[in-house]
>>> print(open('coords.csv').read())   # CSV, C-alpha atoms
chain,number,residue,atom,x,y,z
A,287,MET,CA,-29.1,-12.0,-29.1
A,288,THR,CA,-27.3,-14.7,-31.0
A,289,GLY,CA,-24.0,-16.0,-29.7
A,290,VAL,CA,-22.2,-14.7,-32.8
A,291,LEU,CA,-23.7,-11.2,-32.4
A,292,ALA,CA,-22.9,-11.1,-28.7
A,293,ALA,CA,-19.3,-12.1,-29.3
A,294,ALA,CA,-18.9,-9.5,-32.0
A,295,LEU,CA,-20.3,-6.8,-29.7
A,296,LEU,CA,-18.0,-7.8,-26.9
A,297,LEU,CA,-15.0,-7.7,-29.1
A,298,ALA,CA,-16.0,-4.3,-30.5
A,299,ALA,CA,-16.4,-3.0,-27.0
A,300,GLY,CA,-12.9,-4.0,-26.0
A,301,CYS,CA,-14.0,-5.9,-22.9
A,302,ASP,CA,-12.0,-8.4,-20.9
A,303,SER,CA,-11.8,-10.9,-23.8
A,304,GLY,CA,-9.8,-14.1,-23.6
A,305,GLY,CA,-6.8,-13.3,-25.7
A,306,THR,CA,-3.6,-15.1,-24.6
A,307,PRO,CA,-0.5,-12.9,-24.9
A,308,SER,CA,2.9,-14.4,-24.0
A,309,GLY,CA,6.1,-13.1,-22.3
A,310,GLN,CA,6.7,-10.4,-19.7
A,311,GLY,CA,5.9,-6.8,-20.0
A,312,ALA,CA,4.6,-5.1,-23.1
A,313,ALA,CA,3.4,-6.8,-26.2
A,314,PRO,CA,5.8,-6.7,-29.2
A,315,GLY,CA,6.0,-3.2,-30.8
A,316,ARG,CA,4.2,-1.6,-27.8
A,317,THR,CA,5.2,0.1,-24.7
A,318,THR,CA,3.6,0.2,-21.2
A,319,ALA,CA,3.5,3.8,-20.0
A,320,ALA,CA,3.5,4.9,-16.4
A,321,GLN,CA,1.9,8.3,-16.4
A,322,SER,CA,2.1,10.9,-13.6
A,323,SER,CA,-0.8,12.5,-11.9
A,324,PRO,CA,-0.5,16.2,-11.2
A,325,SER,CA,-1.6,16.0,-7.5
A,326,GLY,CA,-1.2,14.3,-4.3
A,327,GLN,CA,2.5,13.8,-3.4
A,328,ALA,CA,3.0,14.5,0.3
A,329,PRO,CA,6.3,16.0,1.4
A,330,GLY,CA,8.8,13.5,2.6
A,331,GLU,CA,7.2,10.5,1.0
A,332,THR,CA,9.6,7.9,-0.2
A,333,ALA,CA,9.0,5.4,-3.1
A,334,PRO,CA,9.5,1.7,-2.9
A,335,PRO,CA,12.3,0.1,-5.0
A,336,ALA,CA,11.7,0.4,-8.7
A,337,LYS,CA,11.8,-3.3,-9.1
A,338,GLY,CA,9.9,-5.8,-7.0
A,339,SER,CA,9.2,-9.5,-6.7
A,340,VAL,CA,6.4,-12.0,-6.4
A,341,LYS,CA,6.6,-15.5,-4.9
A,342,VAL,CA,3.6,-17.8,-5.0
A,343,LEU,CA,3.6,-19.5,-1.6
A,344,ARG,CA,0.8,-22.0,-2.1
A,345,THR,CA,-2.6,-22.8,-3.7
A,346,VAL,CA,-5.1,-22.2,-0.9
A,347,THR,CA,-8.1,-23.9,-2.7
A,348,GLU,CA,-9.1,-24.8,-6.2
A,349,GLY,CA,-12.2,-26.0,-8.2
A,350,LEU,CA,-14.0,-22.7,-7.8
A,351,ASP,CA,-16.8,-21.7,-10.3
A,352,SER,CA,-16.6,-18.2,-11.8
A,353,PRO,CA,-15.1,-16.6,-8.7
A,354,TRP,CA,-15.4,-12.8,-8.6
A,355,GLY,CA,-15.4,-11.1,-5.2
A,356,LEU,CA,-13.3,-11.9,-2.1
A,357,ALA,CA,-13.7,-10.8,1.5
A,358,PRO,CA,-11.2,-11.9,4.1
A,359,LEU,CA,-12.8,-12.7,7.5
A,360,PRO,CA,-11.5,-11.4,10.8
A,361,GLY,CA,-9.8,-14.3,12.6
A,362,GLY,CA,-9.2,-16.3,9.4
A,363,GLY,CA,-11.2,-17.6,6.4
A,364,LEU,CA,-12.1,-16.1,3.1
A,365,LEU,CA,-15.5,-15.5,1.5
A,366,VAL,CA,-15.7,-15.8,-2.3
A,367,SER,CA,-18.6,-15.0,-4.5
A,368,SER,CA,-19.5,-17.0,-7.7
A,369,ARG,CA,-20.7,-14.7,-10.5
A,370,ASP,CA,-22.6,-17.3,-12.3
A,371,LYS,CA,-23.9,-19.6,-9.5
A,372,ALA,CA,-24.8,-16.6,-7.3
A,373,THR,CA,-23.4,-18.3,-4.3
A,374,ILE,CA,-21.0,-17.2,-1.5
A,375,THR,CA,-18.5,-19.8,-0.2
A,376,ARG,CA,-16.3,-19.8,2.8
A,377,VAL,CA,-12.8,-21.0,2.3
A,378,ASP,CA,-10.7,-22.2,5.2
A,379,ASP,CA,-7.4,-20.4,4.3
A,380,ARG,CA,-5.4,-23.1,6.2
A,381,THR,CA,-6.9,-26.3,4.8
A,382,GLY,CA,-8.7,-25.0,1.7
A,383,LYS,CA,-12.0,-26.6,2.7
A,384,GLN,CA,-15.0,-25.0,1.0
A,385,THR,CA,-18.3,-24.4,2.8
A,386,GLU,CA,-21.2,-22.9,0.8
A,387,LEU,CA,-23.0,-20.3,2.8
A,388,GLY,CA,-26.0,-20.2,0.4
A,389,THR,CA,-27.4,-18.6,-2.8
A,390,VAL,CA,-28.1,-14.9,-3.0
A,391,SER,CA,-31.7,-14.6,-4.2
A,392,GLY,CA,-32.5,-12.1,-6.9
A,393,VAL,CA,-29.3,-12.5,-8.9
A,394,ALA,CA,-29.8,-12.8,-12.7
A,395,PRO,CA,-26.4,-13.8,-14.2
A,396,GLU,CA,-25.9,-12.8,-17.9
A,397,GLY,CA,-22.7,-12.0,-19.7
A,398,GLU,CA,-20.4,-10.0,-17.4
A,399,GLY,CA,-23.3,-9.6,-14.9
A,400,GLY,CA,-24.2,-11.8,-11.9
A,401,LEU,CA,-23.0,-11.9,-8.3
A,402,LEU,CA,-19.9,-9.6,-8.3
A,403,GLY,CA,-18.2,-7.8,-5.4
A,404,ILE,CA,-18.6,-8.5,-1.8
A,405,ALA,CA,-17.5,-6.7,1.4
A,406,LEU,CA,-17.9,-7.0,5.1
A,407,SER,CA,-19.8,-4.4,7.2
A,408,PRO,CA,-17.5,-2.0,9.1
A,409,GLY,CA,-19.4,-3.4,12.2
A,410,TYR,CA,-19.0,-7.0,11.1
A,411,ALA,CA,-17.8,-8.1,14.6
A,412,SER,CA,-21.2,-7.3,16.0
A,413,ASP,CA,-23.7,-7.3,13.1
A,414,HIS,CA,-22.3,-10.1,10.9
A,415,MET,CA,-23.5,-8.4,7.7
A,416,ILE,CA,-22.1,-9.2,4.2
A,417,TYR,CA,-22.6,-6.6,1.5
A,418,ALA,CA,-22.9,-7.7,-2.2
A,419,TYR,CA,-23.1,-6.0,-5.6
A,420,PHE,CA,-25.1,-8.0,-8.1
A,421,THR,CA,-27.0,-7.9,-11.4
A,422,SER,CA,-30.8,-8.4,-11.0
A,423,ALA,CA,-33.3,-8.8,-13.8
A,424,SER,CA,-33.7,-5.0,-14.0
A,425,ASP,CA,-30.5,-3.3,-12.7
A,426,ASN,CA,-27.3,-3.6,-10.7
A,427,ARG,CA,-27.8,-3.2,-7.0
A,428,ILE,CA,-26.2,-3.4,-3.6
A,429,VAL,CA,-27.7,-5.6,-0.8
A,430,ARG,CA,-26.6,-6.7,2.6
A,431,MET,CA,-27.3,-10.1,4.3
A,432,LEU,CA,-26.9,-11.6,7.7
A,433,TYR,CA,-24.3,-14.4,7.9
A,434,ASP,CA,-24.9,-17.0,10.5
A,435,PRO,CA,-22.2,-19.7,10.5
A,436,LYS,CA,-24.0,-21.7,13.2
A,437,LYS,CA,-26.7,-22.7,10.7
A,438,PRO,CA,-26.3,-25.7,8.3
A,439,ALA,CA,-24.2,-25.2,5.2
A,440,GLY,CA,-26.3,-23.8,2.4
A,441,GLU,CA,-28.6,-22.0,4.8
A,442,GLN,CA,-26.2,-19.5,6.4
A,443,LEU,CA,-27.2,-16.4,4.4
A,444,GLY,CA,-30.2,-14.3,5.4
A,445,ALA,CA,-32.5,-12.7,2.9
A,446,PRO,CA,-30.9,-9.8,1.0
A,447,ASP,CA,-31.9,-6.4,2.1
A,448,THR,CA,-31.5,-3.9,-0.9
A,449,ILE,CA,-29.8,-0.7,0.3
A,450,PHE,CA,-29.2,0.8,-3.2
A,451,LYS,CA,-30.6,0.1,-6.7
A,452,GLY,CA,-30.9,1.5,-10.1
A,453,ILE,CA,-27.4,1.1,-11.4
A,454,PRO,CA,-27.6,0.5,-15.2
A,455,LYS,CA,-27.1,-3.1,-16.2
A,456,GLY,CA,-25.9,-4.7,-19.4
A,457,VAL,CA,-24.4,-7.8,-20.9
A,458,ILE,CA,-21.1,-5.9,-20.6
A,459,HIS,CA,-19.7,-3.2,-18.3
A,460,ASN,CA,-21.5,-3.8,-15.0
A,461,GLY,CA,-18.6,-2.6,-12.8
A,462,GLY,CA,-19.2,-4.5,-9.5
A,463,ARG,CA,-16.3,-3.9,-7.0
A,464,ILE,CA,-17.4,-2.6,-3.6
A,465,ALA,CA,-15.3,-1.7,-0.6
A,466,PHE,CA,-15.6,0.1,2.7
A,467,GLY,CA,-13.1,3.0,2.9
A,468,PRO,CA,-11.1,4.2,5.9
A,469,ASP,CA,-13.9,6.7,6.4
A,470,GLY,CA,-16.5,3.9,7.0
A,471,MET,CA,-18.3,4.8,3.8
A,472,LEU,CA,-19.2,2.2,1.0
A,473,TYR,CA,-17.5,2.8,-2.4
A,474,ALA,CA,-18.8,1.1,-5.5
A,475,GLY,CA,-17.3,1.0,-9.0
A,476,THR,CA,-19.9,1.0,-11.8
A,477,GLY,CA,-19.8,0.5,-15.5
A,478,GLU,CA,-21.7,2.4,-18.3
A,479,SER,CA,-23.4,-0.8,-19.4
A,480,GLY,CA,-22.2,-0.3,-23.0
A,481,GLU,CA,-24.0,3.1,-23.2
A,482,ARG,CA,-21.0,5.3,-23.4
A,483,GLY,CA,-22.8,8.6,-22.8
A,484,LEU,CA,-23.9,7.6,-19.3
A,485,ALA,CA,-20.3,8.1,-18.0
A,486,GLN,CA,-20.4,11.9,-18.6
A,487,ASP,CA,-24.0,12.2,-17.2
A,488,LYS,CA,-23.7,13.1,-13.5
A,489,LYS,CA,-27.3,12.2,-13.0
A,490,SER,CA,-26.7,8.7,-14.2
A,491,LEU,CA,-25.2,6.0,-11.9
A,492,GLY,CA,-23.4,4.3,-14.8
A,493,GLY,CA,-19.7,4.8,-15.4
A,494,LYS,CA,-19.1,6.2,-11.9
A,495,ILE,CA,-17.5,5.6,-8.5
A,496,LEU,CA,-20.2,6.0,-5.9
A,497,ARG,CA,-19.8,6.8,-2.2
A,498,LEU,CA,-22.6,5.7,0.1
A,499,THR,CA,-23.4,5.4,3.7
A,500,PRO,CA,-23.7,1.8,5.0
A,501,GLU,CA,-27.5,2.3,4.8
A,502,GLY,CA,-27.2,3.2,1.1
A,503,GLY,CA,-27.7,7.0,1.2
A,504,PRO,CA,-25.4,9.6,-0.4
A,505,ALA,CA,-22.4,9.9,1.9
A,506,PRO,CA,-21.8,13.2,3.7
A,507,GLY,CA,-19.2,15.4,2.0
A,508,ASN,CA,-19.8,14.0,-1.5
A,509,PRO,CA,-18.8,16.5,-4.2
A,510,PHE,CA,-22.3,16.8,-5.8
A,511,PRO,CA,-25.2,17.8,-3.5
A,512,ASP,CA,-27.5,15.0,-2.5
A,513,SER,CA,-25.8,12.6,-5.0
A,514,PRO,CA,-24.0,9.3,-4.4
A,515,VAL,CA,-21.6,10.2,-7.3
A,516,TYR,CA,-18.0,10.6,-6.2
A,517,THR,CA,-16.3,10.6,-9.6
A,518,TYR,CA,-17.5,10.3,-13.2
A,519,GLY,CA,-16.3,9.7,-16.7
A,520,HIS,CA,-15.4,6.1,-16.1
A,521,ARG,CA,-15.9,3.2,-18.6
A,522,ASN,CA,-15.9,0.2,-16.3
A,523,VAL,CA,-14.4,0.3,-12.8
A,524,GLN,CA,-13.6,-3.1,-11.2
A,525,GLY,CA,-10.8,-2.3,-8.8
A,526,LEU,CA,-10.7,-0.1,-5.6
A,527,ALA,CA,-8.0,0.2,-3.0
A,528,TRP,CA,-6.5,2.7,-0.5
A,529,ASP,CA,-2.9,3.3,0.3
A,530,GLY,CA,-1.4,3.7,3.7
A,531,LYS,CA,-2.4,7.4,3.7
A,532,GLN,CA,-6.0,6.7,2.9
A,533,ARG,CA,-5.8,7.8,-0.7
A,534,LEU,CA,-8.1,5.9,-3.1
A,535,PHE,CA,-7.0,4.3,-6.4
A,536,ALA,CA,-9.1,2.6,-9.0
A,537,SER,CA,-8.5,0.4,-12.1
A,538,GLU,CA,-10.6,0.8,-15.2
A,539,PHE,CA,-11.1,-1.1,-18.5
A,540,GLY,CA,-10.2,0.8,-21.7
A,541,GLN,CA,-11.8,0.0,-25.0
A,542,ASP,CA,-9.3,-0.6,-27.8
A,543,THR,CA,-6.2,1.3,-26.6
A,544,TRP,CA,-5.6,2.1,-22.9
A,545,ASP,CA,-6.5,0.5,-19.7
A,546,GLU,CA,-6.0,2.7,-16.7
A,547,LEU,CA,-5.0,3.0,-13.0
A,548,ASN,CA,-6.3,6.2,-11.6
A,549,ALA,CA,-5.7,8.2,-8.4
A,550,ILE,CA,-9.2,9.2,-7.3
A,551,LYS,CA,-10.0,12.9,-6.5
A,552,PRO,CA,-13.6,13.6,-5.4
A,553,GLY,CA,-15.7,15.3,-8.2
A,554,ASP,CA,-13.2,14.8,-11.0
A,555,ASN,CA,-14.0,13.8,-14.5
A,556,TYR,CA,-11.9,10.8,-15.8
A,557,GLY,CA,-12.7,11.4,-19.4
A,558,TRP,CA,-14.6,8.5,-20.9
A,559,PRO,CA,-15.8,8.4,-23.6
A,560,ASP,CA,-14.1,11.6,-24.8
A,561,ALA,CA,-10.7,10.4,-23.5
A,562,GLU,CA,-9.3,6.9,-23.3
A,563,GLY,CA,-6.0,7.0,-21.4
A,564,ARG,CA,-3.9,10.1,-21.1
A,565,SER,CA,-5.4,13.3,-22.6
A,566,SER,CA,-4.1,16.8,-23.3
A,567,ASP,CA,-7.4,18.3,-22.2
A,568,PRO,CA,-7.0,19.7,-18.6
A,569,LYS,CA,-10.6,19.1,-17.7
A,570,TYR,CA,-9.9,15.3,-17.5
A,571,HIS,CA,-8.0,13.7,-14.7
A,572,ASN,CA,-5.2,11.7,-16.3
A,573,PRO,CA,-4.3,8.1,-15.2
A,574,ILE,CA,-1.1,7.5,-13.2
A,575,ALA,CA,-0.4,4.4,-15.4
A,576,GLN,CA,-1.9,3.0,-18.6
A,577,TRP,CA,-1.6,-0.2,-20.5
A,578,HIS,CA,-2.7,-1.5,-23.9
A,579,THR,CA,-5.7,-3.7,-23.4
A,580,ASP,CA,-4.1,-7.0,-24.3
A,581,GLU,CA,-1.6,-6.4,-21.5
A,582,ALA,CA,-4.0,-5.8,-18.7
A,583,SER,CA,-7.9,-5.7,-18.9
A,584,PRO,CA,-7.7,-4.9,-15.2
A,585,SER,CA,-10.1,-6.1,-12.5
A,586,GLY,CA,-9.2,-6.1,-8.8
A,587,ILE,CA,-6.4,-4.1,-7.1
A,588,ALA,CA,-4.8,-4.1,-3.7
A,589,TYR,CA,-2.2,-2.0,-1.9
A,590,ALA,CA,0.9,-3.6,-0.2
A,591,GLU,CA,4.6,-2.8,0.3
A,592,GLY,CA,4.3,0.7,-1.2
A,593,SER,CA,2.7,-0.4,-4.5
A,594,VAL,CA,-0.6,-1.0,-6.1
A,595,TRP,CA,-1.0,-4.6,-7.3
A,596,MET,CA,-3.4,-5.1,-10.2
A,597,ALA,CA,-4.9,-8.3,-11.5
A,598,GLY,CA,-5.1,-8.6,-15.3
A,599,LEU,CA,-7.7,-10.7,-17.1
A,600,ARG,CA,-6.9,-10.6,-20.8
A,601,GLY,CA,-3.3,-9.8,-19.9
A,602,GLN,CA,-3.1,-12.9,-17.6
A,603,ARG,CA,-0.6,-11.3,-15.3
A,604,LEU,CA,-0.2,-9.4,-12.0
A,605,TRP,CA,1.0,-5.8,-12.3
A,606,ARG,CA,3.0,-4.0,-9.7
A,607,ILE,CA,2.8,-0.2,-9.8
A,608,PRO,CA,5.2,1.4,-7.3
A,609,LEU,CA,3.9,4.7,-5.9
A,610,LYS,CA,5.2,8.0,-4.5
A,611,GLY,CA,2.2,9.8,-3.3
A,612,THR,CA,-0.4,9.5,-6.1
A,613,GLU,CA,2.2,9.2,-8.9
A,614,ALA,CA,3.8,6.1,-10.3
A,615,SER,CA,7.4,6.2,-9.1
A,616,ALA,CA,8.7,3.7,-11.7
A,617,PRO,CA,7.3,1.8,-14.8
A,618,PRO,CA,4.8,-0.9,-14.0
A,619,GLN,CA,6.3,-4.4,-13.7
A,620,ALA,CA,4.5,-7.6,-14.7
A,621,PHE,CA,4.6,-11.0,-12.9
A,622,LEU,CA,3.1,-14.5,-13.3
A,623,THR,CA,2.5,-13.7,-17.0
A,624,ASP,CA,0.4,-16.5,-18.6
A,625,THR,CA,1.1,-18.8,-15.6
A,626,TYR,CA,-2.3,-19.1,-13.9
A,627,GLY,CA,-4.4,-17.7,-16.8
A,628,ARG,CA,-6.8,-14.8,-16.2
A,629,LEU,CA,-6.5,-13.0,-12.8
A,630,ARG,CA,-9.7,-11.5,-11.4
A,631,THR,CA,-9.2,-10.3,-7.8
A,632,VAL,CA,-6.3,-9.4,-5.6
A,633,ALA,CA,-6.8,-8.6,-1.9
A,634,ALA,CA,-4.4,-7.6,0.9
A,635,ALA,CA,-3.6,-10.5,3.2
A,636,GLY,CA,-1.6,-8.5,5.7
A,637,GLY,CA,2.0,-7.3,5.5
A,638,ASP,CA,3.7,-8.5,2.4
A,639,LYS,CA,1.1,-11.1,1.5
A,640,LEU,CA,-1.8,-11.0,-1.0
A,641,TRP,CA,-4.7,-13.3,-1.9
A,642,LEU,CA,-5.0,-13.7,-5.7
A,643,VAL,CA,-8.1,-15.2,-7.4
A,644,THR,CA,-8.0,-16.6,-11.0
A,645,SER,CA,-10.9,-16.3,-13.5
A,646,ASN,CA,-10.6,-19.1,-16.1
A,647,THR,CA,-14.2,-20.4,-15.7
A,648,ASP,CA,-15.9,-17.0,-16.6
A,649,GLY,CA,-16.6,-18.0,-20.2
A,650,ARG,CA,-13.6,-16.3,-21.7
A,651,GLY,CA,-10.8,-18.2,-20.0
A,652,ASN,CA,-9.2,-21.6,-20.6
A,653,PRO,CA,-10.3,-24.0,-17.8
A,654,LYS,CA,-7.7,-26.5,-19.0
A,655,LYS,CA,-5.1,-24.4,-17.3
A,656,GLY,CA,-6.7,-25.5,-14.0
A,657,ASP,CA,-10.0,-24.9,-12.3
A,658,ASP,CA,-10.1,-21.5,-10.7
A,659,ARG,CA,-8.2,-21.1,-7.5
A,660,ILE,CA,-7.1,-18.8,-4.7
A,661,LEU,CA,-3.3,-18.3,-4.3
A,662,GLU,CA,-1.3,-16.9,-1.5
A,663,VAL,CA,1.5,-14.8,-2.8
A,664,GLN,CA,4.4,-12.8,-1.1
A,665,VAL,CA,5.3,-9.5,-2.7
A,666,LYS,CA,7.8,-6.7,-2.3
>>> encode(input="coords.csv", output="structure tokens")
Amino acid sequence: MTGVLAAALLLAAGCDSGGTPSGQGAAPGRTTAAQSSPSGQAPGETAPPAKGSVKVLRTVTEGLDSPWGLAPLPGGGLLVSSRDKATITRVDDRTGKQTELGTVSGVAPEGEGGLLGIALSPGYASDHMIYAYFTSASDNRIVRMLYDPKKPAGEQLGAPDTIFKGIPKGVIHNGGRIAFGPDGMLYAGTGESGERGLAQDKKSLGGKILRLTPEGGPAPGNPFPDSPVYTYGHRNVQGLAWDGKQRLFASEFGQDTWDELNAIKPGDNYGWPDAEGRSSDPKYHNPIAQWHTDEASPSGIAYAEGSVWMAGLRGQRLWRIPLKGTEASAPPQAFLTDTYGRLRTVAAAGGDKLWLVTSNTDGRGNPKKGDDRILEVQVK
């Protein structure tokens, strides 16, 4: 595929292209809509203030290459994956020192694919296992690897053990976020790889949120018998986070009109490709908030201080969505607009702190704004 044709396809698909909007909030002539979900508000729940704040405390480290996934280590330190180099690096969160663990074998970076999300095993304290979602030559898959920090730098990763494979791959829409839930199960956001019909096909792994055991089997209690599929009708899921009451939220790329933040209900259909954003058809689960694609193009999300915080790539901003149950309690609010460029990943750092990862070296950003970095931010 020529570079011109690839670029045309990416633009037509409405992916996280490198447009550079300016100013806070919605683009001129457009509105950002916070939509309500019809379910999930527990009695007595209170909403956070309608308006919040963000303060950048420091740059933890910089000079990263196509950073994508982030996994905070117990006791301190951050692991970050490089999509294009297929490496995992440990960052000392106090000094910013970077130590490369090693290269993950089998990764075949192309377009939006490569080494994507990473997560620590629920039993990390004893098993020292790192899970990773990556694009291989034939598919997207999930592996786990032993991490031995006692070995020399560059040799600290064991060989990847594939626990799940067969997720459709493409130049675009590979999904890639993985996270262990409060139930100890592994959740994975996948994309429909540019083949829109896969999202509505419950037998396909594309355009889904999957729920797996740590060994890679369909998790007990999944909504469809003997299937890893948890929800379907997604375009490209790259953000997963749970609130304080163990409710799951997910961010999703739209095509030309609406990006979404969704409250996740097992077995529900989230509409793509028949619905993009809010729909009047009751068979589709509506988003709790939606944005025009030049305002967001969302990737990672995290929960802190009563709100979901969502990183925007094309939108180049951090969104705050205050919650009451599984509804947005006030309109989303934008911070850091066009300040650090594209924002890829946001992760809880405890209390009112977040880790925020930029994405200016992913081929669509502007590296002149600074090599990619990890920021520590304080929110409320």
>>> atom_distance(input="coords.csv", atom1="atom CA of Trp544 of chain A", atom2="atom CA of Leu661 of chain A")
27.7 Å
>>> residues_around(input="coords.csv", residues="segment 595-603 of chain A", least_positions_apart="2", cutoff="8 Å", atoms="all atoms listed in the file", output="VMD selection string")
chain A and resid 302 to 307 537 579 to 590 593 605 to 607 620 to 632 642 645
>>> residues_around(input="coords.csv", residues="segment 500-513 of chain A", least_positions_apart="3", cutoff="6 Å", atoms="only C-alpha atoms", output="MDAnalysis selection string")
chainID A and resid 449:450 497 553
>>> residues_around(input="coords.csv", residues="Arg521 of chain A", least_positions_apart="6", cutoff="9 Å", atoms="all atoms listed in the file", output="VMD selection string")
chain A and resid 459 461 476 to 480 482 485 492 to 494 538 to 541 557 to 559 562
>>> closest_residue(input="coords.csv", among="A:Gln524, A:Gln664, A:Asn555, A:Thr332", to="Lys488 of chain A", atoms="only C-alpha atoms")
A:Asn555
>>> atom_distance(input="coords.csv", atom1="atom CA of Asp378 of chain A", atom2="atom CA of Asp469 of chain A")
29.1 Å
>>> residues_near_point(input="coords.csv", point="(-28.1, -20.8, 3.0)", cutoff="8 Å", atoms="all atoms listed in the file", output="list of chain:residue names")
A:Glu386, A:Leu387, A:Gly388, A:Thr389, A:Pro438, A:Ala439, A:Gly440, A:Glu441, A:Gln442, A:Leu443, A:Gly444
>>> write_last_selection(input="coords.csv", atoms="C-alpha atoms", output="PDB file, keeping the file's coordinate frame")
ATOM      1  CA  GLU A 386     -21.200 -22.900   0.800  1.00  0.00           C
ATOM      2  CA  LEU A 387     -23.000 -20.300   2.800  1.00  0.00           C
ATOM      3  CA  GLY A 388     -26.000 -20.200   0.400  1.00  0.00           C
ATOM      4  CA  THR A 389     -27.400 -18.600  -2.800  1.00  0.00           C
ATOM      5  CA  PRO A 438     -26.300 -25.700   8.300  1.00  0.00           C
ATOM      6  CA  ALA A 439     -24.200 -25.200   5.200  1.00  0.00           C
ATOM      7  CA  GLY A 440     -26.300 -23.800   2.400  1.00  0.00           C
ATOM      8  CA  GLU A 441     -28.600 -22.000   4.800  1.00  0.00           C
ATOM      9  CA  GLN A 442     -26.200 -19.500   6.400  1.00  0.00           C
ATOM     10  CA  LEU A 443     -27.200 -16.400   4.400  1.00  0.00           C
ATOM     11  CA  GLY A 444     -30.200 -14.300   5.400  1.00  0.00           C
TER      12      GLY A 444
END
>>> axis_aligned_box(input="coords.csv", around="segment 536-546 of chain A", padding_each_side="6 Å", output="JSON")
{"center_x": -8.7, "center_y": 0.8, "center_z": -18.4, "size_x": 18.2, "size_y": 15.8, "size_z": 30.8}
>>> closest_residue(input="coords.csv", among="A:Gly649, A:Gly637, A:Gly525, A:Gly563", to="Lys666 of chain A", atoms="all atoms listed in the file")
A:Gly637
>>> residues_around(input="coords.csv", residues="Arg564 of chain A", least_positions_apart="6", cutoff="9 Å", atoms="all atoms listed in the file", output="list of chain:residue names")
A:Gln321, A:Trp544, A:Glu546, A:Tyr570, A:His571, A:Asn572, A:Pro573, A:Ile574, A:Ala575, A:Gln576
>>> write_last_selection(input="coords.csv", atoms="C-alpha atoms", output="PDB file, in the coordinates of the input")
ATOM      1  CA  GLN A 321       1.900   8.300 -16.400  1.00  0.00           C
ATOM      2  CA  TRP A 544      -5.600   2.100 -22.900  1.00  0.00           C
ATOM      3  CA  GLU A 546      -6.000   2.700 -16.700  1.00  0.00           C
ATOM      4  CA  TYR A 570      -9.900  15.300 -17.500  1.00  0.00           C
ATOM      5  CA  HIS A 571      -8.000  13.700 -14.700  1.00  0.00           C
ATOM      6  CA  ASN A 572      -5.200  11.700 -16.300  1.00  0.00           C
ATOM      7  CA  PRO A 573      -4.300   8.100 -15.200  1.00  0.00           C
ATOM      8  CA  ILE A 574      -1.100   7.500 -13.200  1.00  0.00           C
ATOM      9  CA  ALA A 575      -0.400   4.400 -15.400  1.00  0.00           C
ATOM     10  CA  GLN A 576      -1.900   3.000 -18.600  1.00  0.00           C
TER      11      GLN A 576
END
>>> closest_residue(input="coords.csv", among="A:Gly392, A:Gly403, A:Pro408, A:Gly330", to="Val366 of chain A", atoms="all atoms listed in the file")
A:Gly403
>>> atom_distance(input="coords.csv", atom1="atom CA of Ile660 of chain A", atom2="atom CA of Thr345 of chain A")
6.1 Å
>>> closest_residue(input="coords.csv", among="A:Thr647, A:Lys337, A:Gln384, A:Asp545", to="Lys371 of chain A", atoms="all atoms listed in the file")
A:Thr647
>>> closest_residue(input="coords.csv", among="A:Ser490, A:Ser367, A:Ser615, A:Asn460", to="Leu401 of chain A", atoms="all atoms listed in the file")
A:Ser367
>>> closest_residue(input="coords.csv", among="A:Pro552, A:Gly519, A:Pro468, A:Pro446", to="Gln486 of chain A", atoms="all atoms listed in the file")
A:Gly519
>>> residues_around(input="coords.csv", residues="Ala616 of chain A", least_positions_apart="6", cutoff="9 Å", atoms="all atoms listed in the file", output="PyMOL selection string")
chain A and resi 320+333+335-337+607-609
>>> build_atoms(input="coords.csv", residues="segment 454-460 of chain A", atoms="N, CA, C and O atoms", output="mmCIF file, in the frame of the given file")
data_model
loop_
_atom_site.group_PDB
_atom_site.id
_atom_site.type_symbol
_atom_site.label_atom_id
_atom_site.label_comp_id
_atom_site.auth_asym_id
_atom_site.auth_seq_id
_atom_site.Cartn_x
_atom_site.Cartn_y
_atom_site.Cartn_z
ATOM 1 N N PRO A 454 -27.316 1.117 -13.848
ATOM 2 C CA PRO A 454 -27.600 0.500 -15.200
ATOM 3 C C PRO A 454 -26.898 -0.858 -15.301
ATOM 4 O O PRO A 454 -25.762 -1.044 -14.873
ATOM 5 N N LYS A 455 -27.610 -1.802 -15.932
ATOM 6 C CA LYS A 455 -27.100 -3.100 -16.200
ATOM 7 C C LYS A 455 -26.926 -3.340 -17.684
ATOM 8 O O LYS A 455 -27.594 -2.683 -18.486
ATOM 9 N N GLY A 456 -26.061 -4.280 -18.043
ATOM 10 C CA GLY A 456 -25.900 -4.700 -19.400
ATOM 11 C C GLY A 456 -25.252 -6.017 -19.534
ATOM 12 O O GLY A 456 -24.829 -6.603 -18.529
ATOM 13 N N VAL A 457 -25.155 -6.541 -20.734
ATOM 14 C CA VAL A 457 -24.400 -7.800 -20.900
ATOM 15 C C VAL A 457 -22.928 -7.527 -20.652
ATOM 16 O O VAL A 457 -22.192 -8.414 -20.237
ATOM 17 N N ILE A 458 -22.505 -6.262 -20.842
ATOM 18 C CA ILE A 458 -21.100 -5.900 -20.600
ATOM 19 C C ILE A 458 -21.121 -4.652 -19.635
ATOM 20 O O ILE A 458 -22.152 -4.018 -19.408
ATOM 21 N N HIS A 459 -19.957 -4.378 -19.055
ATOM 22 C CA HIS A 459 -19.700 -3.200 -18.300
ATOM 23 C C HIS A 459 -20.645 -2.944 -17.123
ATOM 24 O O HIS A 459 -21.331 -1.923 -17.015
ATOM 25 N N ASN A 460 -20.650 -3.895 -16.207
ATOM 26 C CA ASN A 460 -21.500 -3.800 -15.000
ATOM 27 C C ASN A 460 -20.685 -3.316 -13.785
ATOM 28 O O ASN A 460 -21.255 -3.217 -12.700
#
